[in-house]
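Source file work_25.cif; content: mmCIF, C-alpha atoms.
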```cif
data_input
#
loop_
_atom_site.group_PDB
_atom_site.id
_atom_site.type_symbol
_atom_site.label_atom_id
_atom_site.label_comp_id
_atom_site.auth_asym_id
_atom_site.auth_seq_id
_atom_site.Cartn_x
_atom_site.Cartn_y
_atom_site.Cartn_z
ATOM 1 C CA MET Q 1 -10.621 -10.657 -14.952
ATOM 2 C CA ASN Q 2 -12.474 -7.462 -14.098
ATOM 3 C CA ILE Q 3 -15.585 -9.375 -13.018
ATOM 4 C CA ILE Q 4 -13.561 -11.454 -10.567
ATOM 5 C CA ALA Q 5 -12.149 -8.266 -9.057
ATOM 6 C CA TRP Q 6 -15.689 -6.864 -8.725
ATOM 7 C CA VAL Q 7 -16.881 -10.012 -6.940
ATOM 8 C CA ILE Q 8 -13.910 -9.970 -4.561
ATOM 9 C CA LEU Q 9 -14.309 -6.248 -3.852
ATOM 10 C CA GLY Q 10 -18.053 -6.699 -3.340
ATOM 11 C CA LEU Q 11 -17.585 -9.600 -0.958
ATOM 12 C CA ILE Q 12 -14.955 -7.796 1.102
ATOM 13 C CA ALA Q 13 -16.770 -4.449 1.230
ATOM 14 C CA GLY Q 14 -20.183 -5.977 1.881
ATOM 15 C CA ALA Q 15 -18.914 -8.211 4.679
ATOM 16 C CA ILE Q 16 -17.044 -5.379 6.390
ATOM 17 C CA GLY Q 17 -20.004 -3.015 5.926
ATOM 18 C CA LYS Q 18 -22.407 -5.540 7.461
ATOM 19 C CA ALA Q 19 -20.009 -6.138 10.356
ATOM 20 C CA ILE Q 20 -19.676 -2.423 11.097
ATOM 21 C CA TYR Q 21 -23.332 -1.412 10.696
ATOM 22 C CA PRO Q 22 -25.319 -1.961 13.914
ATOM 23 C CA GLY Q 23 -28.256 -4.325 13.959
ATOM 24 C CA HIS Q 24 -29.084 -7.442 11.974
ATOM 25 C CA GLN Q 25 -29.109 -7.403 8.187
ATOM 26 C CA GLY Q 26 -30.529 -10.401 6.403
ATOM 27 C CA GLY Q 27 -29.265 -11.975 3.242
ATOM 28 C CA GLY Q 28 -26.649 -14.496 2.324
ATOM 29 C CA ILE Q 29 -23.363 -14.314 0.494
ATOM 30 C CA PHE Q 30 -24.927 -13.091 -2.760
ATOM 31 C CA ALA Q 31 -26.728 -10.264 -0.975
ATOM 32 C CA THR Q 32 -23.446 -9.338 0.703
ATOM 33 C CA MET Q 33 -21.626 -9.248 -2.648
ATOM 34 C CA LEU Q 34 -24.400 -7.231 -4.271
ATOM 35 C CA LEU Q 35 -24.380 -4.812 -1.350
ATOM 36 C CA GLY Q 36 -20.611 -4.411 -1.656
ATOM 37 C CA ILE Q 37 -20.762 -3.842 -5.417
ATOM 38 C CA VAL Q 38 -23.507 -1.231 -4.982
ATOM 39 C CA GLY Q 39 -21.399 0.274 -2.207
ATOM 40 C CA ALA Q 40 -18.370 0.422 -4.496
ATOM 41 C CA PHE Q 41 -20.367 2.344 -7.090
ATOM 42 C CA LEU Q 42 -21.954 4.599 -4.474
ATOM 43 C CA GLY Q 43 -18.675 5.274 -2.669
ATOM 44 C CA GLY Q 44 -16.722 5.740 -5.889
ATOM 45 C CA SER Q 45 -19.282 8.182 -7.241
ATOM 46 C CA LEU Q 46 -19.351 10.163 -3.998
ATOM 47 C CA MET Q 47 -15.552 10.267 -3.886
ATOM 48 C CA THR Q 48 -15.439 11.522 -7.478
ATOM 49 C CA LEU Q 49 -18.022 14.172 -6.612
ATOM 50 C CA LEU Q 50 -16.015 15.333 -3.601
ATOM 51 C CA THR Q 51 -12.669 15.426 -5.409
ATOM 52 C CA THR Q 52 -13.660 16.769 -8.843
ATOM 53 C CA GLY Q 53 -17.025 18.407 -8.269
ATOM 54 C CA LYS Q 54 -18.643 16.291 -11.013
ATOM 55 C CA LEU Q 55 -21.179 13.553 -10.378
ATOM 56 C CA THR Q 56 -20.249 10.562 -12.532
ATOM 57 C CA LEU Q 57 -20.916 6.859 -12.118
ATOM 58 C CA THR Q 58 -17.530 5.434 -11.170
ATOM 59 C CA ALA Q 59 -16.524 2.596 -8.926
ATOM 60 C CA ALA Q 60 -13.823 1.998 -6.379
ATOM 61 C CA THR Q 61 -10.857 -0.143 -7.350
ATOM 62 C CA LEU Q 62 -9.478 -3.284 -5.735
ATOM 63 C CA SER Q 63 -6.968 -1.523 -3.498
ATOM 64 C CA ILE Q 64 -6.855 -0.490 0.156
ATOM 65 C CA PRO Q 65 -8.298 3.018 -0.465
ATOM 66 C CA GLY Q 66 -10.811 1.487 -2.868
ATOM 67 C CA ILE Q 67 -11.952 -0.998 -0.238
ATOM 68 C CA VAL Q 68 -12.338 1.807 2.327
ATOM 69 C CA VAL Q 69 -14.452 3.825 -0.115
ATOM 70 C CA ALA Q 70 -16.509 0.724 -1.003
ATOM 71 C CA VAL Q 71 -17.103 -0.068 2.680
ATOM 72 C CA ILE Q 72 -18.319 3.490 3.302
ATOM 73 C CA GLY Q 73 -20.585 3.140 0.272
ATOM 74 C CA ALA Q 74 -21.843 -0.236 1.542
ATOM 75 C CA ILE Q 75 -22.704 1.285 4.923
ATOM 76 C CA ILE Q 76 -24.636 4.057 3.161
ATOM 77 C CA ALA Q 77 -26.381 1.428 1.006
ATOM 78 C CA ILE Q 78 -27.364 -0.566 4.131
ATOM 79 C CA PHE Q 79 -28.781 2.590 5.690
ATOM 80 C CA LEU Q 80 -30.754 3.496 2.553
ATOM 81 C CA TRP Q 81 -32.040 -0.069 2.166
ATOM 82 C CA GLY Q 82 -33.188 -0.006 5.797
ATOM 83 C CA LEU Q 83 -35.087 3.228 5.160
ATOM 84 C CA MET Q 84 -36.801 1.794 2.066
ATOM 85 C CA THR Q 85 -37.817 -1.515 3.679
ATOM 86 C CA LYS Q 86 -38.834 -0.136 7.059
ATOM 87 C CA SER Q 87 -42.485 -0.855 7.784
ATOM 88 C CA ASN Q 88 -44.757 1.546 9.599
ATOM 89 C CA ALA Q 89 -46.384 -1.184 11.708
#
```

Take the structure in this file and express it as structure tokens.
Amino acid sequence: MNIIAWVILGLIAGAIGKAIYPGHQGGGIFATMLLGIVGAFLGGSLMTLLTTGKLTLTAATLSIPGIVVAVIGAIIAIFLWGLMTKSNA
């Protein structure tokens, strides 16, 4: 059941993150889910760091605040991916 929640959270967060972030991001539905899942981990870890002062690998949950944190993480992941794949041509 947990995997289904991760897929749903990833799809929602990735789609919202791609819609908010300016510009065109490639990839299909699987890339969107992967981006959202990475965003959930990134956002959850950053939220844990800000609230407790400890950096641990945690993920956002399937709730409204969890989706918000995952979307913020997905936007950060889009930005970082754009920096890594940017060509100097």

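CA of Gly53 in chain Q is found 27.0 Å from CA of Leu34 in chain Q.
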
Suppose a student applies the PyMOL selection byres ((chain Q and resi 31) around 12) to this structure; what residues should they get, written as JSON, numbers by chain?
{"Q": [7, 10, 11, 13, 14, 15, 18, 25, 26, 27, 28, 29, 30, 32, 33, 34, 35, 36, 37, 38, 39, 74, 77, 78, 81]}

Report, as lines of an AutoDock Vina configuration file, the axis-aligned box around all atoms of range 13-16 of chain Q present in the file, extended by 6 Å on each side; give centre and edge lengths in Å to one decimal place.
```
center_x = -18.5
center_y = -6.3
center_z = 3.8
size_x = 15.4
size_y = 15.8
size_z = 17.2
```

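For the residues Q:Leu57, Q:Ile20, Q:Ile64, Q:Leu80, ranking by smallest atom-to-atom distance to Gly43 in chain Q using all atoms listed in the file places Q:Leu57 first.
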
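CA of Ala5 in chain Q is positioned 21.4 Å from CA of Ile76 in chain Q.
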
Can you work out which one of Q:Leu55, Q:Leu83, Q:Ile75, Q:Ile3 has the shortest atom-to-atom distance to Pro22 in chain Q, counting all atoms listed in the file?
Q:Ile75

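Residue neighbourhood of Val69 in chain Q, excluding near-sequence residues (fewer than 2 positions): Ala40, Gly43, Gly44, Met47, Ala60, Pro65, Gly66, Ile67, Val71, Ile72 and Gly73 of chain Q, at 8 Å, using all atoms listed in the file.
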
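Comparing Q:Thr51, Q:Ser45, Q:Tyr21, Q:Thr61 by their smallest distance to Phe79 in chain Q, the closest is Q:Tyr21 (using only C-alpha atoms).
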
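Counting from CA of Lys86 in chain Q, the distance to CA of His24 in chain Q is 13.1 Å.
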